[in-house]
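Content type CSV, C-alpha atoms, from the file target00.csv:
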```csv
chain,number,residue,atom,x,y,z
A,1,MET,CA,16.5,24.8,5.9
A,2,ALA,CA,14.0,25.2,8.8
A,3,SER,CA,10.4,25.9,7.9
A,4,ASP,CA,8.7,29.2,9.0
A,5,LEU,CA,5.9,28.1,11.3
A,6,SER,CA,4.7,31.6,12.1
A,7,ASP,CA,1.7,31.4,9.8
A,8,ILE,CA,0.5,28.0,11.2
A,9,PRO,CA,-2.3,28.3,13.8
A,10,THR,CA,-1.1,27.5,17.3
A,11,GLU,CA,-3.9,24.9,17.7
A,12,ASP,CA,-2.6,23.0,14.6
A,13,LEU,CA,0.9,23.1,15.9
A,14,MET,CA,-0.1,21.8,19.3
A,15,GLN,CA,-2.1,19.0,17.6
A,16,GLU,CA,1.0,18.0,15.6
A,17,VAL,CA,3.2,18.1,18.8
A,18,GLN,CA,0.6,15.9,20.5
A,19,ARG,CA,0.5,13.4,17.6
A,20,ARG,CA,4.3,13.1,17.6
A,21,LEU,CA,4.4,12.5,21.4
A,22,GLU,CA,1.8,9.8,21.0
A,23,CYS,CA,3.8,8.3,18.2
A,24,GLN,CA,6.8,8.1,20.5
A,25,ARG,CA,4.9,5.7,22.6
A,26,LYS,CA,3.7,3.4,19.8
A,27,PRO,CA,5.4,0.0,19.6
A,28,GLU,CA,7.4,-0.7,16.5
A,29,LYS,CA,5.7,-2.5,13.6
A,30,ARG,CA,7.0,-3.6,10.2
A,31,LEU,CA,4.1,-4.8,8.1
A,32,VAL,CA,3.6,-6.3,4.6
A,33,LEU,CA,0.3,-6.0,2.9
A,34,VAL,CA,-0.6,-8.7,0.3
A,35,GLY,CA,-3.7,-8.7,-1.8
A,36,PRO,CA,-4.9,-8.8,-5.4
A,37,PRO,CA,-6.1,-5.7,-7.3
A,38,GLY,CA,-9.4,-4.4,-5.8
A,39,SER,CA,-9.0,-6.2,-2.5
A,40,GLY,CA,-9.1,-3.0,-0.4
A,41,LYS,CA,-5.4,-2.6,0.5
A,42,GLY,CA,-5.5,0.9,-0.8
A,43,THR,CA,-8.4,1.8,1.4
A,44,GLN,CA,-7.0,0.3,4.6
A,45,SER,CA,-3.3,1.2,4.3
A,46,PRO,CA,-3.7,4.9,5.1
A,47,MET,CA,-5.7,4.1,8.2
A,48,ILE,CA,-3.0,1.5,9.4
A,49,LYS,CA,-0.3,4.1,8.7
A,50,LYS,CA,-2.1,6.8,10.8
A,51,GLU,CA,-3.2,4.5,13.6
A,52,HIS,CA,0.3,3.0,14.2
A,53,CYS,CA,2.5,6.0,13.1
A,54,LEU,CA,4.1,4.1,10.3
A,55,CYS,CA,5.4,5.2,6.9
A,56,HIS,CA,3.7,3.8,3.8
A,57,LEU,CA,6.1,2.3,1.3
A,58,ALA,CA,4.9,1.5,-2.3
A,59,THR,CA,7.7,0.3,-4.5
A,60,GLY,CA,6.6,2.1,-7.6
A,61,ASP,CA,6.5,5.5,-5.7
A,62,MET,CA,9.9,4.8,-4.1
A,63,LEU,CA,11.5,3.9,-7.4
A,64,ARG,CA,10.2,7.1,-9.0
A,65,ALA,CA,11.4,9.2,-6.0
A,66,ALA,CA,14.9,7.6,-6.1
A,67,VAL,CA,15.2,8.2,-9.8
A,68,ALA,CA,14.0,11.8,-9.4
A,69,ALA,CA,16.4,12.4,-6.5
A,70,LYS,CA,19.3,10.8,-8.5
A,71,THR,CA,20.4,8.7,-5.6
A,72,PRO,CA,23.1,6.1,-6.5
A,73,LEU,CA,20.5,3.4,-6.5
A,74,GLY,CA,18.0,5.7,-8.4
A,75,VAL,CA,20.6,6.2,-11.1
A,76,LYS,CA,21.1,2.4,-11.5
A,77,ALA,CA,17.3,1.9,-11.5
A,78,LYS,CA,16.9,4.6,-14.3
A,79,GLN,CA,19.6,2.9,-16.4
A,80,ALA,CA,17.8,-0.4,-16.1
A,81,MET,CA,14.4,1.1,-17.0
A,82,GLU,CA,15.8,3.0,-19.9
A,83,SER,CA,17.4,-0.2,-21.3
A,84,GLY,CA,14.1,-2.0,-21.1
A,85,ALA,CA,15.3,-4.3,-18.3
A,86,LEU,CA,13.5,-5.1,-15.1
A,87,VAL,CA,14.8,-3.4,-12.0
A,88,SER,CA,16.5,-6.1,-10.0
A,89,ASP,CA,15.2,-7.4,-6.7
A,90,GLU,CA,18.5,-6.2,-5.1
A,91,LEU,CA,18.0,-2.7,-6.3
A,92,VAL,CA,14.4,-2.5,-5.1
A,93,VAL,CA,15.3,-3.9,-1.7
A,94,GLY,CA,18.2,-1.4,-1.6
A,95,ILE,CA,15.8,1.5,-2.2
A,96,ILE,CA,13.5,0.1,0.5
A,97,GLY,CA,16.5,0.0,2.8
A,98,GLU,CA,17.2,3.7,2.1
A,99,ALA,CA,13.5,4.7,2.6
A,100,ILE,CA,13.2,3.1,6.0
A,101,GLN,CA,16.1,5.2,7.3
A,102,LYS,CA,13.9,8.3,7.1
A,103,PRO,CA,12.5,9.8,10.3
A,104,GLU,CA,8.9,9.1,9.4
A,105,CYS,CA,9.8,5.3,9.3
A,106,ARG,CA,11.2,5.4,12.8
A,107,VAL,CA,8.4,3.4,14.4
A,108,GLY,CA,8.1,1.1,11.3
A,109,PHE,CA,6.5,0.8,7.9
A,110,VAL,CA,3.6,-0.6,5.8
A,111,LEU,CA,5.1,-2.2,2.7
A,112,ASP,CA,2.4,-2.4,0.1
A,113,GLY,CA,2.6,-4.9,-2.8
A,114,PHE,CA,6.1,-6.2,-2.1
A,115,PRO,CA,7.5,-8.8,-1.9
A,116,ARG,CA,5.7,-10.6,-4.7
A,117,THR,CA,8.0,-13.7,-4.9
A,118,VAL,CA,9.9,-15.8,-2.4
A,119,ALA,CA,13.2,-14.6,-3.8
A,120,GLN,CA,12.1,-11.0,-3.1
A,121,ALA,CA,11.0,-12.0,0.4
A,122,GLN,CA,14.4,-13.5,1.1
A,123,HIS,CA,16.2,-10.4,-0.2
A,124,LEU,CA,13.9,-8.2,2.0
A,125,ASP,CA,14.5,-10.4,5.1
A,126,ASP,CA,18.3,-10.3,4.6
A,127,MET,CA,18.3,-6.5,4.3
A,128,LEU,CA,16.1,-6.1,7.5
A,129,LYS,CA,18.2,-8.7,9.4
A,130,SER,CA,21.3,-6.6,8.6
A,131,LYS,CA,19.6,-3.7,10.4
A,132,GLY,CA,18.6,-5.9,13.4
A,133,VAL,CA,14.9,-6.0,12.6
A,134,SER,CA,12.4,-8.2,10.7
A,135,VAL,CA,8.9,-8.3,9.2
A,136,ASP,CA,6.4,-8.5,12.1
A,137,ARG,CA,3.2,-9.3,10.4
A,138,VAL,CA,1.8,-10.0,6.9
A,139,LEU,CA,-1.8,-9.0,6.3
A,140,SER,CA,-3.3,-11.1,3.4
A,141,PHE,CA,-6.4,-9.4,2.0
A,142,GLU,CA,-8.6,-12.2,0.6
A,143,VAL,CA,-11.6,-11.6,-1.6
A,144,PRO,CA,-13.3,-14.2,-3.9
A,145,ASP,CA,-12.2,-13.7,-7.5
A,146,ASN,CA,-15.7,-13.3,-8.8
A,147,LEU,CA,-16.3,-10.3,-6.5
A,148,LEU,CA,-12.9,-8.8,-7.4
A,149,ILE,CA,-13.9,-9.0,-11.1
A,150,GLU,CA,-17.2,-7.3,-10.3
A,151,ARG,CA,-15.4,-4.6,-8.3
A,152,VAL,CA,-13.0,-3.8,-11.1
A,153,THR,CA,-15.2,-4.1,-14.1
A,154,GLY,CA,-17.7,-1.7,-12.6
A,155,ARG,CA,-15.1,1.0,-11.9
A,156,TRP,CA,-15.3,4.5,-13.4
A,157,ILE,CA,-12.5,7.0,-13.0
A,158,HIS,CA,-12.3,10.9,-13.3
A,159,PRO,CA,-8.9,11.2,-15.1
A,160,ALA,CA,-8.0,14.7,-13.8
A,161,SER,CA,-8.5,14.1,-10.1
A,162,GLY,CA,-8.2,10.3,-9.8
A,163,ARG,CA,-11.6,10.1,-8.1
A,164,SER,CA,-13.1,6.7,-8.6
A,165,TYR,CA,-16.7,5.5,-8.6
A,166,HIS,CA,-18.4,2.2,-9.1
A,167,GLU,CA,-21.6,1.6,-11.0
A,168,LYS,CA,-23.0,-0.7,-8.2
A,169,PHE,CA,-21.1,0.1,-5.0
A,170,ALA,CA,-20.4,3.8,-5.2
A,171,PRO,CA,-22.2,5.3,-8.3
A,172,PRO,CA,-21.9,8.9,-9.3
A,173,LYS,CA,-24.9,11.2,-8.8
A,174,THR,CA,-25.3,11.4,-12.6
A,175,PRO,CA,-24.3,8.3,-14.5
A,176,GLY,CA,-21.0,8.7,-16.4
A,177,LEU,CA,-20.2,12.1,-14.9
A,178,ASP,CA,-17.9,13.3,-12.0
A,179,ASP,CA,-19.9,14.6,-9.0
A,180,ILE,CA,-17.6,17.6,-8.4
A,181,THR,CA,-16.8,18.9,-12.0
A,182,GLY,CA,-19.5,17.2,-14.1
A,183,GLU,CA,-16.8,16.1,-16.5
A,184,PRO,CA,-17.0,12.7,-18.2
A,185,LEU,CA,-15.8,9.6,-16.4
A,186,ILE,CA,-13.8,6.9,-18.1
A,187,ARG,CA,-13.1,3.2,-17.7
A,188,ARG,CA,-9.4,2.1,-17.6
A,189,LYS,CA,-8.5,0.0,-20.6
A,190,ASP,CA,-7.4,-2.9,-18.4
A,191,ASP,CA,-10.5,-2.8,-16.1
A,192,ASN,CA,-12.2,-5.7,-18.0
A,193,ALA,CA,-13.0,-9.3,-17.0
A,194,GLU,CA,-10.4,-11.0,-19.2
A,195,THR,CA,-7.5,-8.8,-18.1
A,196,MET,CA,-8.6,-9.2,-14.5
A,197,LYS,CA,-8.7,-13.0,-14.7
A,198,THR,CA,-5.2,-13.1,-16.1
A,199,ARG,CA,-3.9,-10.7,-13.4
A,200,LEU,CA,-5.6,-12.8,-10.7
A,201,ALA,CA,-4.1,-16.1,-12.0
A,202,ALA,CA,-0.7,-14.5,-12.0
A,203,PHE,CA,-1.2,-13.0,-8.5
A,204,HIS,CA,-2.3,-16.4,-7.0
A,205,ALA,CA,0.6,-18.3,-8.6
A,206,GLN,CA,3.2,-15.8,-7.3
A,207,THR,CA,1.7,-15.0,-3.9
A,208,SER,CA,0.8,-18.5,-2.6
A,209,PRO,CA,4.5,-19.4,-2.1
A,210,VAL,CA,5.1,-16.0,-0.4
A,211,LEU,CA,2.3,-16.6,2.1
A,212,LYS,CA,3.8,-20.1,2.8
A,213,TYR,CA,7.2,-18.5,3.3
A,214,TYR,CA,5.8,-16.1,6.0
A,215,LYS,CA,3.3,-18.7,7.3
A,216,ASP,CA,3.7,-18.0,11.0
A,217,LYS,CA,3.4,-14.2,10.5
A,218,VAL,CA,0.3,-14.2,8.2
A,219,SER,CA,-3.0,-12.9,9.3
A,220,HIS,CA,-5.9,-13.6,6.8
A,221,ILE,CA,-8.1,-10.6,6.3
A,222,LYS,CA,-11.6,-11.2,4.8
A,223,GLY,CA,-11.6,-8.3,2.4
A,224,ASP,CA,-15.2,-8.9,1.2
A,225,ARG,CA,-16.6,-7.6,4.5
A,226,PRO,CA,-17.7,-4.0,5.1
A,227,GLN,CA,-14.8,-1.5,5.6
A,228,SER,CA,-15.5,-1.2,9.3
A,229,GLN,CA,-15.4,-5.0,9.8
A,230,VAL,CA,-12.2,-5.2,7.7
A,231,ALA,CA,-10.6,-2.5,10.0
A,232,SER,CA,-11.7,-4.5,13.1
A,233,GLN,CA,-10.0,-7.6,11.7
A,234,ILE,CA,-6.8,-5.6,11.1
A,235,LYS,CA,-6.9,-4.1,14.6
A,236,LYS,CA,-7.2,-7.6,16.1
A,237,ALA,CA,-4.3,-8.9,14.0
A,238,LEU,CA,-2.0,-6.1,15.0
A,239,GLN,CA,-2.7,-6.2,18.8
```
Can you give me the file's structure in the form of structure tokens?
Amino acid sequence: MASDLSDIPTEDLMQEVQRRLECQRKPEKRLVLVGPPGSGKGTQSPMIKKEHCLCHLATGDMLRAAVAAKTPLGVKAKQAMESGALVSDELVVGIIGEAIQKPECRVGFVLDGFPRTVAQAQHLDDMLKSKGVSVDRVLSFEVPDNLLIERVTGRWIHPASGRSYHEKFAPPKTPGLDDITGEPLIRRKDDNAETMKTRLAAFHAQTSPVLKYYKDKVSHIKGDRPQSQVASQIKKALQ
């Protein structure tokens, strides 16, 4: 059903038309973002998406959307999850294949956090090859483990809104309280040094072979630099 645009200001409509015309001229890009928790992928991916007119694909979000929409693959994923089994790589790649058919993915995509293993990378490549395309660039966000542990263990969250703070890098105006509502902030249970060390060890063990698999397409991004410098590295990598 067509949307009623009569209440939308003309200026906003014209800006959207201009944005879409500019997107028509953008070269196609299919990107994979790799990086451990706290490496800055979540900060940079919306900017990459906007700059290059790409769709953002996070496997967790796509799985939940497919299950909610009751697509054939979503039904299979729900059955797997309800039985306590892992959702197979074939199913996840199938759901990615469905997602990239959407109009917003016409120019390409940013795939965030997948593939995590060489087997997943091979399944992804086979699916893309069947559509006559391939992964163009892999951005590997690299931050020393000790800094990642500091970033995560100092994190405070406002549960209702998802706003996050950091006791060192982005502290709230009043310690322990949300700036907007004044409500108490919490620490996530797994935001501790031991859990983070375990997660990082697993990440490195899984991801090193994936980066070797994509070796000629990998750009190494120094994620411990200021945001503007990280963005400049990404811009250079995607030229």
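With only C-alpha atoms as the atoms that count, the residue of A:Leu147, A:Ile48, A:Ile186, A:Val135 with the shortest distance to A:Pro159 is A:Ile186.
Atom CA of A:Thr43 is positioned 19.6 Å from atom CA of A:Asn146.
Using only C-alpha atoms, the smallest distance between any of A:Leu91, A:Val218, A:Leu148, A:Val230 and A:Leu124 comes from A:Leu91.
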Neighbour list for stretch 93-109 of chain A as a compact mmCIF listing (two decimals) with C-alpha atoms, in the coordinates of the input, cut-off 7 Å, all atoms listed in the file, skip fewer than 4 positions in-chain:
```txt
# COMPACT_ATOMS: atom_id res chain seq x y z
CA PRO A 27 5.40 0.00 19.60
CA GLU A 28 7.40 -0.70 16.50
CA LYS A 29 5.70 -2.50 13.60
CA ARG A 30 7.00 -3.60 10.20
CA LEU A 31 4.10 -4.80 8.10
CA CYS A 53 2.50 6.00 13.10
CA LEU A 54 4.10 4.10 10.30
CA CYS A 55 5.40 5.20 6.90
CA HIS A 56 3.70 3.80 3.80
CA LEU A 57 6.10 2.30 1.30
CA LEU A 73 20.50 3.40 -6.50
CA ASP A 89 15.20 -7.40 -6.70
CA HIS A 123 16.20 -10.40 -0.20
CA LEU A 124 13.90 -8.20 2.00
CA MET A 127 18.30 -6.50 4.30
```
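The list of residues with at least one atom within 10 Å of A:Pro115, based on all atoms listed in the file and without residues fewer than 5 positions apart in the same chain, reads Val32, Leu33, Val34, Thr59, Asp89, Val92, Val93, Gln120, Ala121, Gln122, His123, Leu124, Gln206, Thr207 and Val210 of chain A.
Between atom CA of A:Arg199 and atom CA of A:Phe114 there is a distance of 15.7 Å.
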